[in-house]
>>> print(open('target.cif').read())   # mmCIF, C-alpha atoms
data_entry
loop_
_atom_site.label_atom_id
_atom_site.label_comp_id
_atom_site.auth_asym_id
_atom_site.auth_seq_id
_atom_site.Cartn_x
_atom_site.Cartn_y
_atom_site.Cartn_z
CA MET A 1376 -33.16 -64.45 -24.24
CA ILE A 1377 -32.33 -61.09 -25.79
CA ILE A 1378 -30.21 -58.26 -24.43
CA VAL A 1379 -32.48 -55.19 -24.52
CA HIS A 1380 -30.08 -52.81 -22.75
CA LYS A 1381 -26.65 -52.71 -21.17
CA GLY A 1382 -24.67 -49.85 -19.77
CA PHE A 1383 -23.92 -47.66 -16.79
CA ASP A 1384 -26.89 -47.13 -14.50
CA GLY A 1385 -25.49 -45.07 -11.63
CA LEU A 1386 -22.51 -42.84 -10.93
CA ASP A 1387 -21.53 -40.89 -7.79
CA VAL A 1388 -18.59 -38.50 -7.88
CA ALA A 1389 -17.08 -35.99 -5.43
CA PHE A 1390 -15.14 -32.91 -6.54
CA ARG A 1391 -12.40 -31.02 -4.72
CA THR A 1392 -13.75 -27.50 -5.17
CA ASN A 1393 -16.08 -24.98 -3.53
CA ILE A 1394 -18.74 -22.60 -4.77
CA ALA A 1395 -18.49 -18.82 -4.44
CA LYS A 1396 -20.13 -17.04 -1.52
CA GLU A 1397 -22.54 -15.28 -3.93
CA LEU A 1398 -23.93 -18.61 -5.12
CA SER A 1399 -24.05 -19.87 -1.54
CA ASP A 1400 -26.17 -16.86 -0.55
CA LEU A 1401 -28.49 -17.50 -3.50
CA LEU A 1402 -28.86 -21.15 -2.48
CA VAL A 1403 -29.59 -20.18 1.13
CA ALA A 1404 -32.41 -17.88 0.02
CA ALA A 1405 -33.83 -20.49 -2.38
CA LYS A 1406 -33.70 -23.20 0.30
CA GLU A 1407 -35.60 -20.95 2.70
CA ARG A 1408 -38.29 -20.36 0.03
CA ALA A 1409 -38.47 -24.10 -0.65
CA ILE A 1410 -39.11 -24.72 3.05
CA GLU A 1411 -41.71 -21.95 3.23
CA GLU A 1412 -43.57 -22.94 0.05
CA HIS A 1413 -43.13 -26.71 0.46
CA GLU A 1414 -41.72 -27.19 -3.03
CA PRO A 1415 -38.32 -26.93 -4.79
CA GLN A 1416 -37.30 -23.51 -6.11
CA LEU A 1417 -35.91 -22.94 -9.61
CA ILE A 1418 -32.80 -20.75 -9.81
CA GLU A 1419 -30.30 -19.83 -12.54
CA TRP A 1420 -26.56 -19.29 -12.19
CA ASN A 1421 -23.99 -18.75 -14.94
CA GLY A 1422 -26.38 -20.01 -17.58
CA VAL A 1423 -27.42 -23.22 -15.82
CA GLU A 1424 -30.66 -23.94 -13.97
CA MET A 1425 -31.41 -26.12 -10.98
CA HIS A 1426 -34.19 -26.92 -8.53
CA VAL A 1427 -33.10 -26.18 -4.96
CA GLN A 1428 -34.65 -28.61 -2.47
CA SER A 1429 -35.82 -27.81 1.06
CA SER A 1430 -33.13 -29.96 2.70
CA GLY A 1431 -29.53 -31.00 2.23
CA ALA A 1432 -28.01 -34.41 2.89
CA HIS A 1433 -25.12 -36.02 4.82
CA GLY A 1434 -23.16 -32.89 5.65
CA TYR A 1435 -24.09 -31.03 2.48
CA GLN A 1436 -26.20 -27.96 3.17
CA PHE A 1437 -27.78 -27.83 -0.30
CA ARG A 1438 -29.39 -30.44 -2.54
CA CYS A 1439 -30.09 -29.40 -6.11
CA ASP A 1440 -31.70 -31.24 -9.03
CA THR A 1441 -31.11 -30.65 -12.73
CA GLY A 1442 -34.00 -32.69 -14.04
CA LEU A 1443 -34.98 -35.95 -15.70
CA LEU A 1444 -31.84 -36.11 -17.84
CA GLY A 1445 -29.59 -34.47 -15.27
CA ALA A 1446 -28.27 -35.25 -11.82
CA THR A 1447 -28.69 -34.59 -8.11
CA TRP A 1448 -26.02 -32.23 -6.77
CA PHE A 1449 -25.00 -31.99 -3.12
CA ILE A 1450 -23.23 -28.74 -2.27
CA LYS A 1451 -21.55 -27.43 0.89
CA LYS A 1452 -21.19 -23.85 1.96
CA PRO A 1453 -17.70 -22.62 0.96
CA ASN A 1454 -15.13 -23.62 3.58
CA GLU A 1455 -11.36 -23.35 3.20
CA LYS A 1456 -10.88 -26.21 5.65
CA ASP A 1457 -13.09 -28.55 3.60
CA GLU A 1458 -11.86 -28.80 0.02
CA TRP A 1459 -14.32 -31.48 -1.11
CA GLY A 1460 -17.34 -29.22 -1.33
CA ILE A 1461 -19.43 -30.79 -4.10
CA ARG A 1462 -20.80 -34.26 -4.76
CA VAL A 1463 -23.05 -35.44 -7.58
CA SER A 1464 -25.22 -38.49 -8.18
CA CYS A 1465 -25.88 -38.97 -11.89
CA LYS A 1466 -29.30 -40.38 -12.76
CA SER A 1467 -29.80 -43.56 -14.77
CA LEU A 1468 -31.61 -41.97 -17.72
CA PRO A 1469 -28.81 -39.68 -18.96
CA LEU A 1470 -26.41 -42.60 -18.67
CA ALA A 1471 -28.79 -44.78 -20.71
CA VAL A 1472 -29.70 -42.12 -23.28
CA HIS A 1473 -26.32 -40.40 -23.73
CA GLY A 1474 -23.77 -42.92 -22.46
CA LEU A 1475 -21.02 -42.36 -19.91
CA GLY A 1476 -18.91 -40.02 -22.05
CA ARG A 1477 -21.63 -37.46 -22.72
CA ALA A 1478 -22.97 -37.73 -19.16
CA ARG A 1479 -19.48 -37.04 -17.82
CA ASP A 1480 -19.10 -34.01 -20.12
CA ASP A 1481 -22.46 -32.67 -18.92
CA LEU A 1482 -21.42 -33.04 -15.28
CA HIS A 1483 -18.24 -31.06 -15.86
CA ALA A 1484 -20.05 -28.38 -17.86
CA PHE A 1485 -22.43 -27.83 -14.94
CA LEU A 1486 -19.55 -27.95 -12.45
CA ASP A 1487 -17.63 -25.35 -14.49
CA ALA A 1488 -20.64 -23.07 -14.30
CA ILE A 1489 -21.15 -23.27 -10.52
CA ALA A 1490 -17.55 -23.60 -9.31
CA GLY A 1491 -15.11 -23.26 -12.20
CA PRO A 1492 -12.76 -25.77 -13.88
CA ILE A 1493 -10.93 -28.40 -11.81
CA THR A 1494 -7.91 -30.63 -12.44
CA THR A 1495 -8.00 -34.37 -13.13
CA LYS A 1496 -6.77 -34.96 -9.55
CA ASP A 1497 -9.77 -33.15 -8.06
CA VAL A 1498 -12.14 -36.04 -8.81
CA SER A 1499 -13.09 -38.91 -6.50
CA ILE A 1500 -15.32 -41.70 -7.87
CA GLY A 1501 -17.69 -42.84 -5.12
CA ARG A 1502 -19.95 -45.40 -6.75
CA VAL A 1503 -20.53 -47.05 -10.12
CA ASP A 1504 -23.49 -49.21 -11.18
CA TYR A 1505 -23.50 -51.26 -14.40
CA ALA A 1506 -26.60 -53.10 -15.62
CA VAL A 1507 -27.49 -55.73 -18.18
CA ASP A 1508 -31.20 -56.08 -19.01
CA ILE A 1509 -32.37 -59.33 -20.63
CA LEU A 1510 -35.76 -60.14 -22.13
CA ALA A 1511 -36.46 -63.55 -20.56
CA PRO A 1512 -40.19 -64.03 -19.82
CA GLN A 1513 -39.80 -67.69 -18.83
CA PHE A 1514 -36.95 -67.13 -16.37
CA GLU A 1515 -37.75 -67.84 -12.71
CA LEU A 1516 -35.44 -66.30 -10.12
CA CYS A 1517 -34.38 -68.52 -7.20
CA ALA A 1518 -32.29 -67.13 -4.34
CA ASP A 1519 -30.79 -70.57 -3.59
CA ASN A 1520 -29.10 -70.66 -7.00
CA PHE A 1521 -26.53 -67.99 -6.16
CA VAL A 1522 -23.08 -69.45 -5.55
CA MET A 1523 -20.05 -67.67 -4.10
CA HIS A 1524 -16.54 -68.41 -5.29
CA SER A 1525 -14.44 -70.23 -2.70
CA SER A 1526 -11.94 -67.37 -2.59
CA SER A 1527 -14.64 -64.84 -1.71
CA LYS A 1528 -15.10 -63.87 1.90
CA ARG A 1529 -18.55 -64.94 2.94
CA ALA A 1530 -18.76 -61.94 5.28
CA GLU A 1531 -18.55 -59.70 2.22
CA PHE A 1532 -21.81 -61.11 0.85
CA LYS A 1533 -23.56 -61.97 4.10
CA ASP A 1534 -26.26 -59.36 3.49
CA ILE A 1535 -28.97 -60.98 1.36
CA GLU A 1536 -32.33 -59.35 0.68
CA ILE A 1537 -35.09 -61.24 -1.13
CA HIS A 1538 -38.25 -59.69 -2.58
CA GLY A 1539 -41.34 -61.42 -3.92
CA THR A 1540 -45.09 -61.85 -3.89
CA SER A 1541 -47.39 -64.90 -3.91
CA GLY A 1542 -44.53 -67.39 -3.88
CA ARG A 1543 -42.69 -65.70 -6.75
CA THR A 1544 -39.26 -64.17 -6.19
CA THR A 1545 -39.03 -60.81 -7.96
CA GLY A 1546 -35.63 -59.68 -6.73
CA VAL A 1547 -32.50 -60.70 -4.86
CA ARG A 1548 -29.80 -58.36 -3.59
CA ILE A 1549 -26.51 -59.74 -2.24
CA GLY A 1550 -23.74 -57.71 -0.61
CA SER A 1551 -23.74 -54.22 0.80
CA MET A 1552 -22.64 -50.72 -0.08
CA PRO A 1553 -20.24 -48.95 0.06
CA PHE A 1554 -18.46 -52.24 -0.74
CA ARG A 1555 -19.92 -54.24 -3.64
CA GLN A 1556 -23.31 -55.67 -4.44
CA LEU A 1557 -25.15 -57.75 -7.01
CA ALA A 1558 -28.85 -57.13 -7.61
CA VAL A 1559 -31.05 -59.26 -9.85
CA TYR A 1560 -34.67 -58.20 -10.20
CA ASP A 1561 -37.78 -58.06 -12.36
CA LYS A 1562 -37.23 -54.81 -14.24
CA ARG A 1563 -40.66 -54.93 -15.87
CA ALA A 1564 -42.30 -54.85 -12.42
CA ASP A 1565 -39.96 -52.02 -11.39
CA ILE A 1566 -40.91 -49.97 -14.48
CA ILE A 1567 -44.62 -50.42 -13.83
CA THR A 1568 -44.46 -49.79 -10.07
CA LYS A 1569 -42.30 -46.66 -10.38
CA ARG A 1570 -43.92 -45.44 -13.61
CA LYS A 1571 -40.60 -45.36 -15.48
CA VAL A 1572 -42.39 -45.66 -18.82
CA GLU A 1573 -39.52 -44.16 -20.80
CA TRP A 1574 -37.64 -47.45 -20.43
CA TRP A 1575 -40.01 -49.13 -22.87
CA LYS A 1576 -38.85 -46.61 -25.49
CA ILE A 1577 -35.21 -47.41 -24.72
CA TYR A 1578 -35.80 -51.16 -24.95
CA ASN A 1579 -37.79 -50.90 -28.18
CA LYS A 1580 -35.17 -48.67 -29.79
CA ASN A 1581 -32.51 -51.28 -29.03
CA LEU A 1582 -34.75 -54.09 -30.30
CA GLN A 1583 -35.41 -52.17 -33.50
CA THR A 1584 -31.66 -51.88 -34.03
CA ILE A 1585 -31.30 -55.69 -34.11
CA GLY A 1586 -34.46 -56.22 -36.16
CA LYS A 1587 -36.74 -57.45 -33.36
CA LEU A 1588 -40.37 -56.57 -32.68
CA PRO A 1589 -41.17 -54.03 -29.93
CA LEU A 1590 -42.30 -55.13 -26.49
CA GLU A 1591 -45.92 -55.07 -25.38
CA PRO A 1592 -45.74 -53.79 -21.77
CA LYS A 1593 -49.18 -55.14 -20.81
CA ASP A 1594 -48.23 -58.72 -21.68
CA PRO A 1595 -45.75 -60.14 -19.11
CA ASP A 1596 -45.21 -63.26 -21.23
CA GLN A 1597 -43.86 -61.01 -23.97
CA SER A 1598 -42.20 -58.22 -22.00
CA ARG A 1599 -40.68 -59.69 -18.83
CA VAL A 1600 -37.24 -58.10 -18.56
CA TRP A 1601 -34.76 -59.12 -15.86
CA ARG A 1602 -32.02 -56.77 -14.71
CA PHE A 1603 -28.59 -57.94 -13.55
CA GLU A 1604 -27.01 -54.96 -11.83
CA PHE A 1605 -23.43 -54.79 -10.57
CA ARG A 1606 -22.84 -52.10 -7.94
CA VAL A 1607 -19.43 -51.08 -6.66
CA GLY A 1608 -19.02 -48.59 -3.82
CA LYS A 1609 -16.37 -46.22 -2.55
CA ARG A 1610 -14.73 -48.56 -0.02
CA HIS A 1611 -14.16 -51.32 -2.56
CA LEU A 1612 -13.07 -48.96 -5.35
CA LYS A 1613 -10.47 -47.21 -3.22
CA ASP A 1614 -9.33 -49.89 -0.76
CA LYS A 1615 -9.10 -52.79 -3.22
CA TRP A 1616 -8.36 -51.08 -6.53
CA ASN A 1617 -7.12 -47.58 -5.69
CA LEU A 1618 -9.68 -46.38 -8.23
CA ARG A 1619 -10.30 -42.67 -7.78
CA THR A 1620 -10.10 -40.61 -10.97
CA TRP A 1621 -11.80 -40.72 -14.37
CA GLU A 1622 -8.62 -42.23 -15.83
CA ASP A 1623 -8.70 -44.98 -13.20
CA LEU A 1624 -12.34 -45.64 -14.05
CA ASP A 1625 -11.57 -46.02 -17.75
CA ASN A 1626 -8.62 -48.33 -17.09
CA LEU A 1627 -9.87 -50.49 -14.23
CA LEU A 1628 -13.65 -50.71 -14.11
CA ALA A 1629 -13.95 -53.60 -16.58
CA ASP A 1630 -11.74 -55.70 -14.28
CA VAL A 1631 -13.62 -54.55 -11.17
CA ILE A 1632 -16.98 -55.67 -12.59
CA ARG A 1633 -15.55 -58.89 -14.02
CA LYS A 1634 -14.15 -59.80 -10.59
CA LEU A 1635 -17.56 -59.21 -9.02
CA SER A 1636 -19.17 -61.50 -11.62
CA GLU A 1637 -16.64 -64.19 -10.65
CA ALA A 1638 -16.99 -63.71 -6.89
CA ILE A 1639 -20.69 -64.50 -6.97
CA ARG A 1640 -22.67 -66.10 -9.79
CA TYR A 1641 -26.12 -67.47 -10.64
CA ALA A 1642 -25.87 -71.23 -11.20
CA GLN A 1643 -27.96 -74.07 -12.57
CA PRO A 1644 -28.45 -76.68 -9.81
CA THR A 1645 -27.49 -80.32 -10.38
CA LEU A 1646 -27.47 -83.42 -8.16
CA ASP A 1647 -23.87 -82.63 -7.21
CA SER A 1648 -23.72 -81.73 -3.51
CA ASN A 1649 -20.74 -79.49 -4.20
CA ARG A 1650 -22.40 -76.24 -5.26
CA SER A 1651 -19.15 -74.85 -6.64
CA ARG A 1652 -19.36 -77.44 -9.45
CA TRP A 1653 -22.80 -76.30 -10.56
CA PRO A 1654 -22.59 -74.82 -14.05
CA ASP A 1655 -23.57 -71.25 -14.81
CA ASP A 1656 -27.23 -70.70 -15.59
CA PRO A 1657 -27.58 -69.88 -19.33
CA LEU A 1658 -28.86 -66.42 -18.44
CA TRP A 1659 -25.84 -65.76 -16.22
CA ALA A 1660 -23.51 -67.03 -18.93
CA GLN A 1661 -25.06 -64.50 -21.29
CA VAL A 1662 -24.58 -61.69 -18.76
CA LYS A 1663 -20.91 -62.61 -18.24
CA ASN A 1664 -20.39 -62.71 -21.97
CA GLU A 1665 -21.71 -59.17 -22.29
CA ILE A 1666 -19.38 -57.98 -19.52
CA ALA A 1667 -16.43 -59.78 -21.09
CA GLU A 1668 -16.83 -57.65 -24.20
CA ASP A 1669 -15.54 -54.79 -22.05
CA LEU A 1670 -17.57 -51.95 -20.63
CA GLU A 1671 -17.67 -50.05 -23.87
CA GLU A 1672 -19.40 -46.70 -24.26
CA MET A 1673 -23.13 -47.39 -24.31
CA ALA A 1674 -25.94 -45.12 -25.43
CA SER A 1675 -29.50 -46.08 -26.36
CA GLY A 1676 -29.81 -43.79 -29.37
CA VAL A 1677 -33.14 -42.47 -28.11
CA GLU A 1678 -33.41 -38.70 -28.54
CA PRO A 1679 -33.70 -36.75 -25.25
CA GLY A 1680 -36.79 -34.99 -26.61
CA VAL A 1681 -38.57 -38.34 -26.95
CA ILE A 1682 -37.86 -39.16 -23.30
CA LYS A 1683 -39.21 -35.78 -22.20
CA ASP A 1684 -42.30 -36.18 -24.40
CA ILE A 1685 -43.03 -39.52 -22.75
CA ARG A 1686 -42.66 -38.04 -19.27
CA ARG A 1687 -44.84 -35.03 -20.17
CA GLU A 1688 -47.56 -37.30 -21.54
CA GLU A 1689 -47.40 -39.48 -18.44
CA MET A 1690 -47.64 -36.46 -16.14
CA ALA A 1691 -50.48 -34.91 -18.18
CA ALA A 1692 -52.43 -38.19 -18.07
CA LEU A 1693 -51.92 -38.40 -14.30
CA ILE A 1694 -53.18 -34.85 -13.75
CA LEU A 1695 -56.14 -35.40 -16.08
CA GLY A 1696 -57.07 -38.49 -14.06
CA GLN A 1697 -56.95 -36.37 -10.89
CA ILE A 1698 -59.23 -33.78 -12.50
CA ILE A 1699 -61.73 -36.50 -13.42
CA GLY A 1700 -61.58 -37.92 -9.89
CA LEU A 1701 -62.14 -34.49 -8.34
CA SER A 1702 -65.03 -33.87 -10.75
CA ALA A 1703 -66.70 -37.08 -9.61
CA THR A 1704 -66.30 -35.94 -6.00
CA LEU A 1705 -67.72 -32.54 -6.94
CA SER A 1706 -70.78 -34.18 -8.48
CA VAL A 1707 -71.45 -35.97 -5.18
CA LEU A 1708 -70.92 -32.89 -3.03
CA THR A 1709 -73.23 -30.73 -5.15
CA ASP A 1710 -75.89 -33.44 -4.72
CA GLY A 1711 -77.48 -32.61 -8.06
CA ASP A 1712 -79.93 -34.70 -10.06
CA ASP A 1713 -78.94 -36.61 -13.19
CA GLU A 1714 -79.54 -33.56 -15.39
CA GLU A 1715 -77.24 -31.38 -13.31
CA GLN A 1716 -74.57 -34.09 -13.29
CA ARG A 1717 -74.63 -34.23 -17.09
CA ASP A 1718 -73.90 -30.49 -17.01
CA LEU A 1719 -70.86 -31.03 -14.79
CA PRO A 1720 -68.20 -30.88 -17.58
CA GLN A 1721 -69.59 -27.56 -18.81
CA ARG A 1722 -69.73 -26.26 -15.25
CA VAL A 1723 -66.06 -27.15 -14.62
CA ALA A 1724 -65.06 -25.61 -17.96
CA ARG A 1725 -66.93 -22.40 -17.07
CA GLU A 1726 -65.13 -22.17 -13.72
CA ILE A 1727 -61.75 -22.55 -15.44
CA ASP A 1728 -62.72 -19.94 -18.01
CA MET A 1729 -63.82 -17.55 -15.25
CA ALA A 1730 -60.51 -18.06 -13.43
CA GLN A 1731 -58.57 -17.27 -16.61
CA ARG A 1732 -60.63 -14.19 -17.44
CA PHE A 1733 -61.37 -12.59 -14.06
CA ALA A 1734 -58.61 -13.92 -11.82
CA ARG A 1735 -55.89 -13.70 -14.41
CA THR A 1736 -53.12 -12.61 -12.06
CA ASP A 1737 -53.66 -15.51 -9.71
CA PHE A 1738 -54.03 -17.96 -12.61
CA GLU A 1739 -50.77 -16.78 -14.21
CA ARG A 1740 -49.01 -17.01 -10.86
CA LYS A 1741 -50.03 -20.65 -10.64
CA ARG A 1742 -48.92 -21.23 -14.24
CA SER A 1743 -45.52 -19.70 -13.47
CA LYS A 1744 -45.10 -22.00 -10.49
CA ALA A 1745 -46.05 -24.98 -12.66
CA LYS A 1746 -43.57 -23.95 -15.37
CA ALA A 1747 -40.81 -23.76 -12.74
CA ARG A 1748 -41.85 -27.10 -11.23
CA TYR A 1749 -41.79 -28.90 -14.59
CA ARG A 1750 -38.96 -26.87 -16.10
CA PHE A 1751 -36.79 -29.85 -16.93
CA ILE A 1752 -39.44 -31.66 -19.00
CA ASP A 1753 -40.83 -28.44 -20.48
CA GLN A 1754 -38.28 -28.14 -23.28
CA ILE A 1755 -34.97 -29.45 -24.58
CA ASP A 1756 -32.02 -27.75 -22.95
CA PRO A 1757 -28.65 -27.20 -24.60
CA VAL A 1758 -25.55 -28.59 -22.94
CA PRO A 1759 -24.81 -26.12 -20.15
CA ALA A 1760 -21.85 -23.84 -20.70
CA ALA A 1761 -20.11 -21.58 -18.24
CA GLY A 1762 -20.82 -17.92 -18.67
CA VAL A 1763 -21.01 -14.80 -16.59
CA SER A 1764 -23.06 -14.78 -13.41
CA GLY A 1765 -25.78 -12.24 -13.23
#
>>> encode(input="target.cif", output="structure tokens")
Amino acid sequence: MIIVHKGFDGLDVAFRTNIAKELSDLLVAAKERAIEEHEPQLIEWNGVEMHVQSSGAHGYQFRCDTGLLGATWFIKKPNEKDEWGIRVSCKSLPLAVHGLGRARDDLHAFLDAIAGPITTKDVSIGRVDYAVDILAPQFELCADNFVMHSSSKRAEFKDIEIHGTSGRTTGVRIGSMPFRQLAVYDKRADIITKRKVEWWKIYNKNLQTIGKLPLEPKDPDQSRVWRFEFRVGKRHLKDKWNLRTWEDLDNLLADVIRKLSEAIRYAQPTLDSNRSRWPDDPLWAQVKNEIAEDLEEMASGVEPGVIKDIRREEMAALILGQIIGLSATLSVLTDGDDEEQRDLPQRVAREIDMAQRFARTDFERKRSKAKARYRFIDQIDPVPAAGVSG
């Protein structure tokens, strides 16, 4: 059992500030284009870029995305009666690649650009997720092995969700948000299902650091990683811990997560009918040990460019597969003989060449749309800095 990753995996924060009317007008226009063209629209403001989506969320008129290594921003139209005009949900990759400190700096750099600087009191932490990933191919998850501490309110963890296939449990989630929640699941299956291939690079970089061989994703007996994820929501953070600001987060979160690991645990069953006397499962003991070391600043050490390269290669392979599939369909629709089908690659290449040479304007328009769509994996971006709006 080897720790292949540990660190923050999710972060939601609200800010007491509002955007300027000029930016609001720009977002309105971009949102209208996104609705009309059925795809997000790329805009620039004060030196930062974002994709504006076709819909907002939960009282926020605008939803903007800053890419693979960025965050999802929820923005309200400026309103003097509503001071809390911006909320952000930081993605897991920047937290894994850069660590909490750099991710936090990036959030504030973007916020400075769209709304200006804020004070330390203008921050409200809404959710924090912390994960420990363990390479444990032989581990078998059993929902009945979770034990709640006697001092825990059973109502707090009454919500239990179990996932699995063919008699095998692949995930268990206990508790509910916005209170607190523990999720244990097969991270290898999650990576494969959701095509999060960059995580193999993160795991292998960490394994290399401790002198271990890289994982072989195709071999479950060699690459089965289990994630133990501790999630704490707004109600628990504020009502139980009065945790609101960045300073509160730095000072209190280790205790918050430790208390969650004590309130509910994964045990090793014995013949004792009193479940509270069951000892911790060795895997759970290892997870608690990692948490006990304090929630130090964690970063994978993987360069952002490597992550983007992986995502570009994955996307290019997907599109190439679609081209091959469409070519096979074309060969059927043209109903040609074997000789004509062998000429299909040349025929497709000629059509592309004709489009580039004789329909150049339309071809370049499509290229421009593609460059905007994949802007955030197209190149490495510097840390955003506030400038002058144009």
>>> closest_residue(input="target.cif", among="A:Gly1434, A:Gly1501, A:Gly1491, A:Pro1415", to="Val1463 in chain A", atoms="all atoms listed in the file")
A:Gly1501
>>> resolve_selection(input="target.cif", expression="the PyMOL selection byres ((chain A and resi 1381-1396) around 7)", output="short mmCIF file (atom, residue, chain, number, x, y, z; two decimals) with C-alpha atoms, in the coordinates of the input")
data_model
loop_
_atom_site.label_atom_id
_atom_site.label_comp_id
_atom_site.auth_asym_id
_atom_site.auth_seq_id
_atom_site.Cartn_x
_atom_site.Cartn_y
_atom_site.Cartn_z
CA HIS A 1380 -30.08 -52.81 -22.75
CA GLU A 1397 -22.54 -15.28 -3.93
CA LEU A 1398 -23.93 -18.61 -5.12
CA SER A 1399 -24.05 -19.87 -1.54
CA ASP A 1400 -26.17 -16.86 -0.55
CA PRO A 1453 -17.70 -22.62 0.96
CA GLU A 1458 -11.86 -28.80 0.02
CA TRP A 1459 -14.32 -31.48 -1.11
CA GLY A 1460 -17.34 -29.22 -1.33
CA ILE A 1461 -19.43 -30.79 -4.10
CA ARG A 1462 -20.80 -34.26 -4.76
CA VAL A 1463 -23.05 -35.44 -7.58
CA SER A 1464 -25.22 -38.49 -8.18
CA CYS A 1465 -25.88 -38.97 -11.89
CA LYS A 1466 -29.30 -40.38 -12.76
CA SER A 1467 -29.80 -43.56 -14.77
CA LEU A 1470 -26.41 -42.60 -18.67
CA ALA A 1471 -28.79 -44.78 -20.71
CA LEU A 1475 -21.02 -42.36 -19.91
CA ILE A 1489 -21.15 -23.27 -10.52
CA ALA A 1490 -17.55 -23.60 -9.31
CA ASP A 1497 -9.77 -33.15 -8.06
CA VAL A 1498 -12.14 -36.04 -8.81
CA SER A 1499 -13.09 -38.91 -6.50
CA ILE A 1500 -15.32 -41.70 -7.87
CA GLY A 1501 -17.69 -42.84 -5.12
CA ARG A 1502 -19.95 -45.40 -6.75
CA VAL A 1503 -20.53 -47.05 -10.12
CA ASP A 1504 -23.49 -49.21 -11.18
CA TYR A 1505 -23.50 -51.26 -14.40
CA ALA A 1506 -26.60 -53.10 -15.62
CA VAL A 1507 -27.49 -55.73 -18.18
CA ASP A 1508 -31.20 -56.08 -19.01
CA MET A 1673 -23.13 -47.39 -24.31
#
>>> atom_distance(input="target.cif", atom1="CA of Ser1636 in chain A", atom2="CA of Trp1659 in chain A")
9.2 Å
>>> residues_around(input="target.cif", residues="Asn1520 in chain A", least_positions_apart="2", cutoff="8 Å", atoms="all atoms listed in the file", output="list in words")
Cys1517, Ala1518, Val1522, Tyr1641, Ala1642, Gln1643 and Pro1644 of chain A
>>> write_last_selection(input="target.cif", atoms="C-alpha atoms", output="PDB file, in the coordinates of the input")
ATOM      1  CA  CYS A1517     -34.380 -68.520  -7.200  1.00  0.00           C
ATOM      2  CA  ALA A1518     -32.290 -67.130  -4.340  1.00  0.00           C
ATOM      3  CA  VAL A1522     -23.080 -69.450  -5.550  1.00  0.00           C
ATOM      4  CA  TYR A1641     -26.120 -67.470 -10.640  1.00  0.00           C
ATOM      5  CA  ALA A1642     -25.870 -71.230 -11.200  1.00  0.00           C
ATOM      6  CA  GLN A1643     -27.960 -74.070 -12.570  1.00  0.00           C
ATOM      7  CA  PRO A1644     -28.450 -76.680  -9.810  1.00  0.00           C
TER       8      PRO A1644
END
>>> closest_residue(input="target.cif", among="A:Leu1590, A:Val1723, A:Met1690, A:Met1523", to="Trp1653 in chain A", atoms="all atoms listed in the file")
A:Met1523
>>> atom_distance(input="target.cif", atom1="CA of Ile1666 in chain A", atom2="CA of Val1572 in chain A")
26.1 Å
>>> residues_around(input="target.cif", residues="range 1553-1570 of chain A", least_positions_apart="5", cutoff="6 Å", atoms="only C-alpha atoms", output="MDAnalysis selection string")
chainID A and resid 1545:1548 1599:1611
>>> build_atoms(input="target.cif", residues="range 1716-1726 of chain A", atoms="N, CA and C atoms", output="PDB file, in the frame of the given file")
ATOM      1  N   GLN A1716     -75.839 -33.372 -13.173  1.00  0.00           N
ATOM      2  CA  GLN A1716     -74.570 -34.090 -13.290  1.00  0.00           C
ATOM      3  C   GLN A1716     -74.104 -34.140 -14.729  1.00  0.00           C
ATOM      4  N   ARG A1717     -75.024 -34.243 -15.682  1.00  0.00           N
ATOM      5  CA  ARG A1717     -74.630 -34.230 -17.090  1.00  0.00           C
ATOM      6  C   ARG A1717     -74.053 -32.872 -17.482  1.00  0.00           C
ATOM      7  N   ASP A1718     -74.397 -31.845 -16.736  1.00  0.00           N
ATOM      8  CA  ASP A1718     -73.900 -30.490 -17.010  1.00  0.00           C
ATOM      9  C   ASP A1718     -72.559 -30.231 -16.324  1.00  0.00           C
ATOM     10  N   LEU A1719     -72.083 -31.221 -15.563  1.00  0.00           N
ATOM     11  CA  LEU A1719     -70.860 -31.030 -14.790  1.00  0.00           C
ATOM     12  C   LEU A1719     -69.652 -30.630 -15.640  1.00  0.00           C
ATOM     13  N   PRO A1720     -69.369 -31.291 -16.783  1.00  0.00           N
ATOM     14  CA  PRO A1720     -68.200 -30.880 -17.580  1.00  0.00           C
ATOM     15  C   PRO A1720     -68.271 -29.413 -17.999  1.00  0.00           C
ATOM     16  N   GLN A1721     -69.451 -28.961 -18.403  1.00  0.00           N
ATOM     17  CA  GLN A1721     -69.590 -27.560 -18.810  1.00  0.00           C
ATOM     18  C   GLN A1721     -69.389 -26.634 -17.607  1.00  0.00           C
ATOM     19  N   ARG A1722     -69.874 -27.075 -16.452  1.00  0.00           N
ATOM     20  CA  ARG A1722     -69.730 -26.260 -15.250  1.00  0.00           C
ATOM     21  C   ARG A1722     -68.247 -26.094 -14.890  1.00  0.00           C
ATOM     22  N   VAL A1723     -67.491 -27.207 -14.931  1.00  0.00           N
ATOM     23  CA  VAL A1723     -66.060 -27.150 -14.620  1.00  0.00           C
ATOM     24  C   VAL A1723     -65.336 -26.266 -15.625  1.00  0.00           C
ATOM     25  N   ALA A1724     -65.695 -26.421 -16.918  1.00  0.00           N
ATOM     26  CA  ALA A1724     -65.060 -25.610 -17.960  1.00  0.00           C
ATOM     27  C   ALA A1724     -65.356 -24.127 -17.743  1.00  0.00           C
ATOM     28  N   ARG A1725     -66.584 -23.801 -17.320  1.00  0.00           N
ATOM     29  CA  ARG A1725     -66.930 -22.400 -17.070  1.00  0.00           C
ATOM     30  C   ARG A1725     -66.117 -21.828 -15.914  1.00  0.00           C
ATOM     31  N   GLU A1726     -65.913 -22.636 -14.865  1.00  0.00           N
ATOM     32  CA  GLU A1726     -65.130 -22.170 -13.720  1.00  0.00           C
ATOM     33  C   GLU A1726     -63.675 -21.891 -14.127  1.00  0.00           C
TER      34      GLU A1726
END
